[in-house]
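> Pasting a structure here, questions to come.
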Amino acid sequence: MDKNEHAQKSIDPASLALIERAAQEGKELAWDRFKEQEPQCGFGLLGICCRNCNMGPCRIDPFGNGPDKGVCGADADTIVARNLLRTIAAGAAAHSDHGRDIVETLLHAATGEGADYSIKDEAKLMALAGELNVPTEGRSSNDIAADIAKKAIAEFGSEKGTFEFMARVPQPRKDIWASLNILPRGIDREVVEAMHRTHMGVDTDYVNLILQGLRTGLSDGWGGSMWATELSDVLFGTPKPHKGVSNLGVLKEDEVNIIVHGHEPTLSEMIVQAVREPEMIELARSKGAKGITVAGMCCTGNEILMRHDVPIAGNFLQQELAIVTGAVEAMVVDVQCIMPALTGLAECYHTKIISTSPKAKFPGAQHVPFSEEKALETAREIVRIAIENYPNRNKEKVFIPSEKMEFVAGFSVEAILSALGGSLNPLLDAIKAGTIKGIAAVVGCNNPKIQHDYGHITLAEELIKEDVLVVETGCAAIASAKAGLLLPEAAAKAGPGLRSICESLGIPPVLHMGSCVDISRILLVAAAAANALGVDISDLPLAGAAPEWMSEKAVSIGAYVVATGIFTVLGTVPPVLGSNNVAALLTQGANDVVGAAFAVEGDPKKAAALILEHMKGKRAKLGLP
Ligand code: BF8
Ligand code: SF4
């Protein structure tokens, strides 16, 4: 493979250097495995294969030359819709099960079973207690926190049949959900019902199936994910803007490097604490290292960078590249977006892959079970394993790219409000005046189908140039961090209106709002804007985009963002094109039902044009210039 072929894989110089390095060393990466998969299965790409029962697997002939029904009689519409609903259910389950773990951590912190955790944000706890009608008078924070956690737990099991956070949804939106019968009832319940409905011989009506997809998505966005965000803030602190450093250049040649990768902040918070202990630093020195560097990867990285001065090593397609540096003593993983390839690759280096969750074991990894009861102790054990591994590093194999970039992150809703002087009004006034044309949420993954980071960066740059404020989470936000778009100085790349606002507030034109569960923060900004203007969310000049999405979680996010009334552009094609009816419902029909729909556009410049056109239409309807 020549150099030019590698150049198409990423726009990030650090990644390109390591892709080249891996090729020289004969190491296989996701891009190579993607190539081996090509041409990918046409039935799979169109969503028209079904193996929901053992009369199958069945497939529909997309050209009309073969079967148009499975053995049971399911047609393309049913099969595509059922597959999509199962995908949403898996994504919602992943986010919400993460949420459940956070709820349980708060409960255990409150009851003393998780003694290493404590309530870091009393103000947020009190605000939530007020909102959720939990008595506070004369009560300890732990008692209040326990009550809040129990309220949340009841919502997973759906004792109540409704969500606390529905009170945050603007009334017109809730009326739409009620009329469609898609108000989520219970977080687990919607996932279970989705699985039930897609079982052989249950729901076959594609419209009915897609509606359950929206409800399942809503149970994630306004349920599981929102609990994850809110209670993580209570436990670990509500993010505030601060500086950090990104990209693989944050790894240190002369220090023990530990990467925390995955999604939940519970363990990584403890590792951050453990590496700062003098005994650990002393131990590292005794092994010949100058110190210990912890760097994040993917959403675990986002969780800790939002709250601490901890660098982020990279996003989804950089996880293998981190190992190729030869400078990582341990990659500690919990759940989600962890490539099974890591363990095989790590065998060629000295890196130890340490799995920690009973839910996610990896053959070849060292398993150090994590429990809240012994959280800090486990974190110390993991840090010790990493330190002991430092002398095994082959210094000749080390190749750390020099690229690193500063960023400012930590834009929780609370932080945005405080930057605006206490209310959303200055932002809304700017939108009304046309100084800012609208707000776009650019979120989601990397995917070797798209040049790494190209989708995210091109779209964000195109939008800010046109005076659209961009808010980001997940791997999209990490891409922007590496490209320098999260710095206030990046306002120079924005149009004159957005630039003036950013300069007067001292904020970047692209705001990092957290991990993927923190898209719930974006929902709250949308809801607050709609309430302040007395309109529905779908009336606002807002848009969502996932230029490089790959995960099932992203499909659940898409479902709840569209159901919330926000137009969403996808950069990679979802497997729905095998049914014209389903594709039309998602891209057009949904407009008449929930006031928003999906578009699919792989070229981020064209995606930006779609978003601008959409905002123009919404502005005109509101009578804005
Ligand atoms: O939850 S953006 S690749 S890391 S799924 Fe995964 Fe996608 Fe990254 Fe975070 Ni979100
Ligand atoms: Fe085939 Fe129907 Fe069974 Fe699916 S549910 S595998 S379409 S028979």
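Ordered as shown in the structure tokens, chains take letters A, B, and onward, while each chain numbers its residues from 1 and ligands are numbered from 1 in the order shown.
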Determine, counting only C-alpha atoms, which protein, DNA and RNA residues have an atom within 9 Å of an atom of Pro604 of chain A; residues of the same chain fewer than 5 positions away are not included. Present the result as a PyMOL selection string.
chain A and resi 454-460+462+547+571+609
> Using only N, CA and C atoms, please write the residues we just selected to a file, as a tab-separated table (two decimals), in the first residue's frame.

```tsv
chain	number	residue	atom	x	y	z
A	454	TYR	N	-12.62	13.86	8.99
A	454	TYR	CA	-12.93	14.80	7.89
A	454	TYR	C	-14.39	15.26	7.97
A	455	GLY	N	-15.29	14.30	8.21
A	455	GLY	CA	-16.72	14.65	8.28
A	455	GLY	C	-16.98	15.67	9.38
A	456	HIS	N	-16.43	15.41	10.56
A	456	HIS	CA	-16.67	16.28	11.71
A	456	HIS	C	-16.11	17.69	11.48
A	457	ILE	N	-14.84	17.72	11.07
A	457	ILE	CA	-14.16	19.02	10.99
A	457	ILE	C	-14.70	19.86	9.84
A	458	THR	N	-14.93	19.21	8.70
A	458	THR	CA	-15.44	19.97	7.56
A	458	THR	C	-16.82	20.54	7.89
A	459	LEU	N	-17.66	19.70	8.47
A	459	LEU	CA	-19.01	20.18	8.77
A	459	LEU	C	-18.96	21.32	9.79
A	460	ALA	N	-18.20	21.15	10.86
A	460	ALA	CA	-18.14	22.19	11.89
A	460	ALA	C	-17.59	23.49	11.29
A	462	GLU	N	-17.62	24.51	8.15
A	462	GLU	CA	-18.59	25.10	7.23
A	462	GLU	C	-19.70	25.83	7.99
A	547	PRO	N	-21.84	12.99	11.35
A	547	PRO	CA	-21.18	12.83	10.04
A	547	PRO	C	-20.44	11.50	9.87
A	571	GLY	N	-24.19	11.09	8.14
A	571	GLY	CA	-23.11	11.05	7.15
A	571	GLY	C	-22.86	9.67	6.56
A	609	ALA	N	-24.82	22.59	3.79
A	609	ALA	CA	-25.78	23.34	2.97
A	609	ALA	C	-27.21	22.94	3.35
```
> Go through segment 566-611 of chain A and collect every residue that DSSP, computed from the backbone, puts in strand (DSSP E); the answer should be as an mmCIF file with all heavy atoms, in the first residue's frame.

```cif
data_model
loop_
_atom_site.group_PDB
_atom_site.id
_atom_site.type_symbol
_atom_site.label_atom_id
_atom_site.label_comp_id
_atom_site.auth_asym_id
_atom_site.auth_seq_id
_atom_site.Cartn_x
_atom_site.Cartn_y
_atom_site.Cartn_z
ATOM 1 N N PHE A 567 -34.236 18.335 13.073
ATOM 2 C CA PHE A 567 -33.761 17.794 11.795
ATOM 3 C C PHE A 567 -32.339 17.238 11.965
ATOM 4 O O PHE A 567 -31.492 17.890 12.571
ATOM 5 C CB PHE A 567 -33.760 18.947 10.779
ATOM 6 C CG PHE A 567 -33.047 18.682 9.483
ATOM 7 C CD1 PHE A 567 -33.504 17.703 8.615
ATOM 8 C CD2 PHE A 567 -31.940 19.444 9.103
ATOM 9 C CE1 PHE A 567 -32.864 17.476 7.403
ATOM 10 C CE2 PHE A 567 -31.292 19.235 7.897
ATOM 11 C CZ PHE A 567 -31.757 18.236 7.050
ATOM 12 N N THR A 568 -32.096 16.057 11.422
ATOM 13 C CA THR A 568 -30.800 15.399 11.653
ATOM 14 C C THR A 568 -30.211 14.854 10.354
ATOM 15 O O THR A 568 -30.898 14.139 9.613
ATOM 16 C CB THR A 568 -30.982 14.254 12.683
ATOM 17 O OG1 THR A 568 -31.400 14.836 13.921
ATOM 18 C CG2 THR A 568 -29.678 13.496 12.912
ATOM 19 N N VAL A 569 -28.958 15.193 10.102
ATOM 20 C CA VAL A 569 -28.275 14.715 8.894
ATOM 21 C C VAL A 569 -27.265 13.630 9.273
ATOM 22 O O VAL A 569 -26.395 13.845 10.124
ATOM 23 C CB VAL A 569 -27.515 15.862 8.184
ATOM 24 C CG1 VAL A 569 -27.011 15.386 6.824
ATOM 25 C CG2 VAL A 569 -28.406 17.074 8.002
ATOM 26 N N LEU A 570 -27.386 12.491 8.614
ATOM 27 C CA LEU A 570 -26.468 11.383 8.868
ATOM 28 C C LEU A 570 -25.421 11.328 7.759
ATOM 29 O O LEU A 570 -25.751 11.455 6.578
ATOM 30 C CB LEU A 570 -27.244 10.061 8.897
ATOM 31 C CG LEU A 570 -28.403 9.983 9.891
ATOM 32 C CD1 LEU A 570 -29.168 8.682 9.717
ATOM 33 C CD2 LEU A 570 -27.883 10.103 11.324
ATOM 34 N N PHE A 598 -34.989 12.820 9.032
ATOM 35 C CA PHE A 598 -33.570 12.566 8.755
ATOM 36 C C PHE A 598 -33.240 12.961 7.326
ATOM 37 O O PHE A 598 -34.093 12.910 6.437
ATOM 38 C CB PHE A 598 -33.259 11.064 8.871
ATOM 39 C CG PHE A 598 -33.270 10.537 10.266
ATOM 40 C CD1 PHE A 598 -34.390 9.885 10.774
ATOM 41 C CD2 PHE A 598 -32.147 10.670 11.071
ATOM 42 C CE1 PHE A 598 -34.393 9.375 12.066
ATOM 43 C CE2 PHE A 598 -32.137 10.157 12.359
ATOM 44 C CZ PHE A 598 -33.265 9.516 12.851
ATOM 45 N N ALA A 599 -31.981 13.308 7.109
ATOM 46 C CA ALA A 599 -31.432 13.358 5.761
ATOM 47 C C ALA A 599 -30.141 12.552 5.806
ATOM 48 O O ALA A 599 -29.535 12.398 6.863
ATOM 49 C CB ALA A 599 -31.147 14.798 5.361
ATOM 50 N N VAL A 600 -29.752 12.001 4.661
ATOM 51 C CA VAL A 600 -28.490 11.273 4.584
ATOM 52 C C VAL A 600 -27.614 11.986 3.571
ATOM 53 O O VAL A 600 -28.027 12.210 2.427
ATOM 54 C CB VAL A 600 -28.709 9.806 4.163
ATOM 55 C CG1 VAL A 600 -27.374 9.075 4.067
ATOM 56 C CG2 VAL A 600 -29.630 9.097 5.155
#
```
> List the spatial neighbours of Ala22 of chain A as a VMD selection string - criterion: any atom at most 10 Å away, only C-alpha atoms, same-chain residues fewer than 3 positions off excluded.
chain A and resid 16 to 19 25 to 29 320 to 321 323 to 325
> 6 Å from ligand 2 is the threshold here; counting only C-alpha atoms and all ligand atoms, which polymer residues fall inside it? Answer as a list in words.
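After applying the 6 Å limit, what remains is Cys50, Arg51, Asn52, Cys53, Asn54, Met55, Gly56, Pro57, Cys58, Gly70, Val71, Cys72, Ala74 and Met200 of chain A.
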> For ligand 1, list the contacting residues at 6 Å or closer, counting only C-alpha atoms and all ligand atoms, as a ChimeraX atom specification.
/A:298-299,316,337,444-446,474-475,516,551,553
> Produce a file of the selected residues containing all heavy atoms, as a PDB file, in the first residue's frame.

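Final output, result26.pdb:
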```pdb
ATOM      1  N   CYS A 298     -12.084   8.145  23.725  1.00  0.00           N
ATOM      2  CA  CYS A 298     -13.530   8.043  23.511  1.00  0.00           C
ATOM      3  C   CYS A 298     -14.281   8.725  24.662  1.00  0.00           C
ATOM      4  O   CYS A 298     -13.813   9.703  25.209  1.00  0.00           O
ATOM      5  CB  CYS A 298     -13.956   6.597  23.284  1.00  0.00           C
ATOM      6  SG  CYS A 298     -13.446   6.002  21.645  1.00  0.00           S
ATOM      7  N   CYS A 299     -15.451   8.180  25.040  1.00  0.00           N
ATOM      8  CA  CYS A 299     -16.296   8.951  25.965  1.00  0.00           C
ATOM      9  C   CYS A 299     -15.849   8.913  27.420  1.00  0.00           C
ATOM     10  O   CYS A 299     -16.124   9.849  28.166  1.00  0.00           O
ATOM     11  CB  CYS A 299     -17.745   8.537  25.816  1.00  0.00           C
ATOM     12  SG  CYS A 299     -18.452   9.290  24.339  1.00  0.00           S
ATOM     13  N   PHE A 316     -12.480   7.410  18.539  1.00  0.00           N
ATOM     14  CA  PHE A 316     -12.708   5.984  18.283  1.00  0.00           C
ATOM     15  C   PHE A 316     -11.653   5.325  17.389  1.00  0.00           C
ATOM     16  O   PHE A 316     -11.126   4.274  17.733  1.00  0.00           O
ATOM     17  CB  PHE A 316     -14.113   5.821  17.674  1.00  0.00           C
ATOM     18  CG  PHE A 316     -14.461   4.409  17.323  1.00  0.00           C
ATOM     19  CD1 PHE A 316     -14.687   3.469  18.319  1.00  0.00           C
ATOM     20  CD2 PHE A 316     -14.560   4.006  16.006  1.00  0.00           C
ATOM     21  CE1 PHE A 316     -15.012   2.152  18.001  1.00  0.00           C
ATOM     22  CE2 PHE A 316     -14.883   2.694  15.678  1.00  0.00           C
ATOM     23  CZ  PHE A 316     -15.107   1.766  16.678  1.00  0.00           C
ATOM     24  N   CYS A 337     -17.700   0.592  22.650  1.00  0.00           N
ATOM     25  CA  CYS A 337     -16.796   1.166  21.641  1.00  0.00           C
ATOM     26  C   CYS A 337     -15.343   0.716  21.808  1.00  0.00           C
ATOM     27  O   CYS A 337     -14.423   1.391  21.332  1.00  0.00           O
ATOM     28  CB  CYS A 337     -16.909   2.687  21.592  1.00  0.00           C
ATOM     29  SG  CYS A 337     -18.594   3.235  21.297  1.00  0.00           S
ATOM     30  N   GLY A 444     -21.303  12.160  17.510  1.00  0.00           N
ATOM     31  CA  GLY A 444     -21.112  10.801  17.017  1.00  0.00           C
ATOM     32  C   GLY A 444     -19.668  10.394  16.790  1.00  0.00           C
ATOM     33  O   GLY A 444     -18.728  11.070  17.185  1.00  0.00           O
ATOM     34  N   CYS A 445     -19.556   9.289  16.082  1.00  0.00           N
ATOM     35  CA  CYS A 445     -18.389   8.411  16.079  1.00  0.00           C
ATOM     36  C   CYS A 445     -17.379   8.760  14.988  1.00  0.00           C
ATOM     37  O   CYS A 445     -17.470   9.782  14.334  1.00  0.00           O
ATOM     38  CB  CYS A 445     -18.888   6.998  15.841  1.00  0.00           C
ATOM     39  SG  CYS A 445     -20.491   6.633  16.605  1.00  0.00           S
ATOM     40  N   ASN A 446     -16.440   7.830  14.808  1.00  0.00           N
ATOM     41  CA  ASN A 446     -15.652   7.706  13.578  1.00  0.00           C
ATOM     42  C   ASN A 446     -16.085   6.410  12.916  1.00  0.00           C
ATOM     43  O   ASN A 446     -16.605   5.506  13.559  1.00  0.00           O
ATOM     44  CB  ASN A 446     -14.152   7.593  13.839  1.00  0.00           C
ATOM     45  CG  ASN A 446     -13.548   8.776  14.540  1.00  0.00           C
ATOM     46  OD1 ASN A 446     -12.785   8.596  15.498  1.00  0.00           O
ATOM     47  ND2 ASN A 446     -13.835   9.968  14.083  1.00  0.00           N
ATOM     48  N   GLY A 474     -19.074  13.542  22.270  1.00  0.00           N
ATOM     49  CA  GLY A 474     -18.537  12.279  21.764  1.00  0.00           C
ATOM     50  C   GLY A 474     -17.279  12.447  20.929  1.00  0.00           C
ATOM     51  O   GLY A 474     -16.459  13.348  21.145  1.00  0.00           O
ATOM     52  N   CYS A 475     -17.138  11.547  19.964  1.00  0.00           N
ATOM     53  CA  CYS A 475     -15.920  11.547  19.157  1.00  0.00           C
ATOM     54  C   CYS A 475     -15.853  12.755  18.226  1.00  0.00           C
ATOM     55  O   CYS A 475     -14.762  13.149  17.799  1.00  0.00           O
ATOM     56  CB  CYS A 475     -15.821  10.239  18.385  1.00  0.00           C
ATOM     57  SG  CYS A 475     -15.473   8.854  19.494  1.00  0.00           S
ATOM     58  N   CYS A 516     -21.330  11.070  24.920  1.00  0.00           N
ATOM     59  CA  CYS A 516     -22.563  10.872  24.140  1.00  0.00           C
ATOM     60  C   CYS A 516     -23.815  10.886  25.007  1.00  0.00           C
ATOM     61  O   CYS A 516     -24.858  11.353  24.557  1.00  0.00           O
ATOM     62  CB  CYS A 516     -22.472   9.601  23.317  1.00  0.00           C
ATOM     63  SG  CYS A 516     -21.287   9.810  21.980  1.00  0.00           S
ATOM     64  N   SER A 551     -22.224   3.562  15.584  1.00  0.00           N
ATOM     65  CA  SER A 551     -22.708   2.684  16.655  1.00  0.00           C
ATOM     66  C   SER A 551     -24.229   2.648  16.733  1.00  0.00           C
ATOM     67  O   SER A 551     -24.918   3.553  16.259  1.00  0.00           O
ATOM     68  CB  SER A 551     -22.126   3.117  18.006  1.00  0.00           C
ATOM     69  OG  SER A 551     -22.913   4.151  18.550  1.00  0.00           O
ATOM     70  N   LYS A 553     -25.795   3.069  19.380  1.00  0.00           N
ATOM     71  CA  LYS A 553     -26.175   4.194  20.243  1.00  0.00           C
ATOM     72  C   LYS A 553     -26.495   5.421  19.404  1.00  0.00           C
ATOM     73  O   LYS A 553     -27.407   6.187  19.709  1.00  0.00           O
ATOM     74  CB  LYS A 553     -25.024   4.529  21.214  1.00  0.00           C
ATOM     75  CG  LYS A 553     -24.810   3.504  22.286  1.00  0.00           C
ATOM     76  CD  LYS A 553     -23.626   3.873  23.177  1.00  0.00           C
ATOM     77  CE  LYS A 553     -22.313   3.622  22.477  1.00  0.00           C
ATOM     78  NZ  LYS A 553     -21.156   4.153  23.214  1.00  0.00           N
TER      79      LYS A 553
END
```
> Would you please work out which residue, of A:Leu183, A:Glu466, A:Ala440, A:Val582, is nearest to Ala526 of chain A when using only C-alpha atoms?
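Closest to Ala526 of chain A of all the choices is A:Ala440.
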> One decimal, in Å: what's the spacing between atom CA of Asn581 of chain A and atom CA of Asp205 of chain A?
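Between atom CA of Asn581 of chain A and atom CA of Asp205 of chain A the gap works out to 11.1 Å.
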> Taking only C-alpha atoms into account, name the residue in A:Ser246, A:Asn425, A:Thr343, A:Ser520 that is nearest to Ala483 of chain A.
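Residue with the minimum atom-to-atom distance to Ala483 of chain A: A:Ser246.
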> Write out as number ranges by chain which residues come within 9 Å of Lys252 of chain A when counting only C-alpha atoms, dropping same-chain ones fewer than 3 positions away.
A: 249, 255-257, 292-293, 327, 400
> Have a look at A:Ala76, A:Leu524, A:Met297, A:Leu125 and name the one nearest to Phe43 of chain A; count only C-alpha atoms.
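Looking at the shortest contact to Phe43 of chain A, the residue is A:Ala76.
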> Could you list, as a ChimeraX atom specification, every residue within 6 Å of Leu486 of chain A, counting only C-alpha atoms and ignoring same-chain residues fewer than 5 positions away?
/A:407-408,481,508,510
> Could you pull the residues within 9 Å of His512 of chain A, counting only C-alpha atoms, minus those fewer than 5 positions along the same chain, as a compact mmCIF listing (two decimals) with N, CA and C atoms, in the first residue's frame?

```
# COMPACT_ATOMS: atom_id res chain seq x y z
N ASN A 302 -13.96 11.83 27.43
CA ASN A 302 -14.79 13.03 27.50
C ASN A 302 -15.31 13.29 28.90
N MET A 306 -14.09 16.72 30.82
CA MET A 306 -15.08 17.75 31.13
C MET A 306 -14.91 18.27 32.56
N VAL A 408 -10.52 24.13 24.96
CA VAL A 408 -11.32 24.50 26.12
C VAL A 408 -12.57 23.64 26.07
N ALA A 409 -12.84 22.91 27.15
CA ALA A 409 -14.05 22.07 27.21
C ALA A 409 -14.75 22.34 28.53
N GLY A 410 -15.88 21.69 28.71
CA GLY A 410 -16.59 21.82 30.00
C GLY A 410 -17.87 22.62 29.91
N PHE A 411 -18.49 22.64 28.71
CA PHE A 411 -19.68 23.47 28.54
C PHE A 411 -20.95 22.69 28.88
N SER A 412 -21.18 22.55 30.19
CA SER A 412 -22.47 22.05 30.65
C SER A 412 -23.50 23.16 30.40
N VAL A 470 -21.95 25.83 16.95
CA VAL A 470 -21.88 24.37 16.93
C VAL A 470 -21.66 23.85 18.36
N VAL A 471 -22.50 22.91 18.75
CA VAL A 471 -22.29 22.23 20.03
C VAL A 471 -21.98 20.77 19.73
N GLU A 472 -21.08 20.19 20.51
CA GLU A 472 -20.62 18.85 20.17
C GLU A 472 -20.50 17.95 21.40
N THR A 473 -20.52 16.66 21.12
CA THR A 473 -20.23 15.65 22.15
C THR A 473 -19.46 14.51 21.48
N GLY A 474 -19.07 13.54 22.27
CA GLY A 474 -18.54 12.28 21.76
C GLY A 474 -17.28 12.45 20.93
N ALA A 477 -16.56 15.79 19.16
CA ALA A 477 -15.95 16.85 19.97
C ALA A 477 -14.43 16.62 20.10
N ILE A 478 -14.03 15.35 20.16
CA ILE A 478 -12.59 15.07 20.26
C ILE A 478 -11.91 15.47 18.95
N SER A 480 -12.81 17.89 17.03
CA SER A 480 -12.68 19.35 17.05
C SER A 480 -11.58 19.81 18.01
N ALA A 481 -11.44 19.09 19.12
CA ALA A 481 -10.37 19.43 20.06
C ALA A 481 -9.03 19.37 19.34
N LEU A 486 -11.92 24.03 19.37
CA LEU A 486 -12.48 24.27 20.71
C LEU A 486 -11.74 25.39 21.44
```
> Taking 4 positions as the minimum chain separation for residues in the same chain, which residues sit within 7 Å of Ile11 of chain A when counting only C-alpha atoms? Answer as a list in words.
Gln451, His452, Asp453 and Tyr454 of chain A
> Using DSSP on the backbone, list every residue of segment 536-598 of chain A that comes out as helix (DSSP H, G or I), and give them as a ChimeraX atom specification.
/A:537-539,552-563,580-594
> Just to be explicit: take each residue in the selection above, keep N, CA and C atoms, and write the result as a short mmCIF file (atom, residue, chain, number, x, y, z; two decimals), in the first residue's frame.

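Everything below was put into out_27.cif:
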```cif
data_model
loop_
_atom_site.label_atom_id
_atom_site.label_comp_id
_atom_site.auth_asym_id
_atom_site.auth_seq_id
_atom_site.Cartn_x
_atom_site.Cartn_y
_atom_site.Cartn_z
N ILE A 537 -40.02 22.95 19.94
CA ILE A 537 -38.62 22.75 19.56
C ILE A 537 -38.48 22.67 18.03
N SER A 538 -39.46 22.04 17.38
CA SER A 538 -39.36 21.87 15.92
C SER A 538 -39.48 23.20 15.17
N ASP A 539 -39.90 24.26 15.86
CA ASP A 539 -39.99 25.58 15.20
C ASP A 539 -38.64 26.29 15.17
N GLU A 552 -24.74 1.60 17.36
CA GLU A 552 -26.19 1.49 17.57
C GLU A 552 -26.67 2.62 18.48
N LYS A 553 -25.79 3.07 19.38
CA LYS A 553 -26.18 4.19 20.24
C LYS A 553 -26.50 5.42 19.40
N ALA A 554 -25.74 5.60 18.32
CA ALA A 554 -25.97 6.76 17.47
C ALA A 554 -27.36 6.68 16.82
N VAL A 555 -27.83 5.47 16.56
CA VAL A 555 -29.16 5.33 15.95
C VAL A 555 -30.24 5.68 16.98
N SER A 556 -30.01 5.27 18.23
CA SER A 556 -30.94 5.65 19.28
C SER A 556 -30.95 7.18 19.44
N ILE A 557 -29.77 7.77 19.40
CA ILE A 557 -29.67 9.24 19.50
C ILE A 557 -30.45 9.88 18.35
N GLY A 558 -30.21 9.39 17.14
CA GLY A 558 -30.93 9.94 15.98
C GLY A 558 -32.43 9.87 16.20
N ALA A 559 -32.89 8.73 16.74
CA ALA A 559 -34.34 8.56 16.96
C ALA A 559 -34.87 9.60 17.95
N TYR A 560 -34.14 9.81 19.06
CA TYR A 560 -34.71 10.76 20.03
C TYR A 560 -34.52 12.21 19.61
N VAL A 561 -33.47 12.49 18.86
CA VAL A 561 -33.27 13.87 18.41
C VAL A 561 -34.36 14.24 17.40
N VAL A 562 -34.65 13.35 16.45
CA VAL A 562 -35.73 13.62 15.49
C VAL A 562 -37.07 13.66 16.21
N ALA A 563 -37.31 12.70 17.12
CA ALA A 563 -38.58 12.70 17.85
C ALA A 563 -38.73 13.97 18.69
N ASN A 580 -38.50 1.17 0.53
CA ASN A 580 -38.79 2.55 0.14
C ASN A 580 -39.73 3.21 1.14
N ASN A 581 -40.64 2.42 1.67
CA ASN A 581 -41.61 2.99 2.61
C ASN A 581 -40.94 3.47 3.89
N VAL A 582 -40.05 2.63 4.44
CA VAL A 582 -39.37 3.04 5.68
C VAL A 582 -38.47 4.24 5.40
N ALA A 583 -37.73 4.19 4.29
CA ALA A 583 -36.84 5.31 3.97
C ALA A 583 -37.63 6.60 3.81
N ALA A 584 -38.79 6.52 3.15
CA ALA A 584 -39.61 7.72 2.94
C ALA A 584 -40.18 8.22 4.27
N LEU A 585 -40.55 7.29 5.14
CA LEU A 585 -41.09 7.71 6.44
C LEU A 585 -40.02 8.47 7.24
N LEU A 586 -38.79 7.96 7.20
CA LEU A 586 -37.73 8.57 8.00
C LEU A 586 -37.27 9.91 7.43
N THR A 587 -37.28 10.02 6.12
CA THR A 587 -36.72 11.23 5.50
C THR A 587 -37.78 12.27 5.12
N GLN A 588 -39.05 11.85 5.04
CA GLN A 588 -40.09 12.82 4.70
C GLN A 588 -41.28 12.74 5.65
N GLY A 589 -41.90 11.57 5.68
CA GLY A 589 -43.14 11.40 6.45
C GLY A 589 -43.02 11.87 7.90
N ALA A 590 -41.85 11.66 8.49
CA ALA A 590 -41.67 12.03 9.90
C ALA A 590 -41.92 13.52 10.12
N ASN A 591 -41.67 14.33 9.09
CA ASN A 591 -41.92 15.77 9.20
C ASN A 591 -43.36 16.07 9.58
N ASP A 592 -44.29 15.31 9.00
CA ASP A 592 -45.71 15.56 9.27
C ASP A 592 -46.12 14.99 10.63
N VAL A 593 -45.31 14.10 11.15
CA VAL A 593 -45.68 13.42 12.39
C VAL A 593 -45.01 14.07 13.60
N VAL A 594 -43.69 14.22 13.54
CA VAL A 594 -42.98 14.81 14.70
C VAL A 594 -42.33 16.15 14.35
#
```
> Taking into account only C-alpha atoms, which residue in the set A:Ala274, A:Leu345, A:Ala93, A:Val202 is nearest to Gly186 of chain A?
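With only C-alpha atoms as the atom set, the closest residue is A:Ala93.
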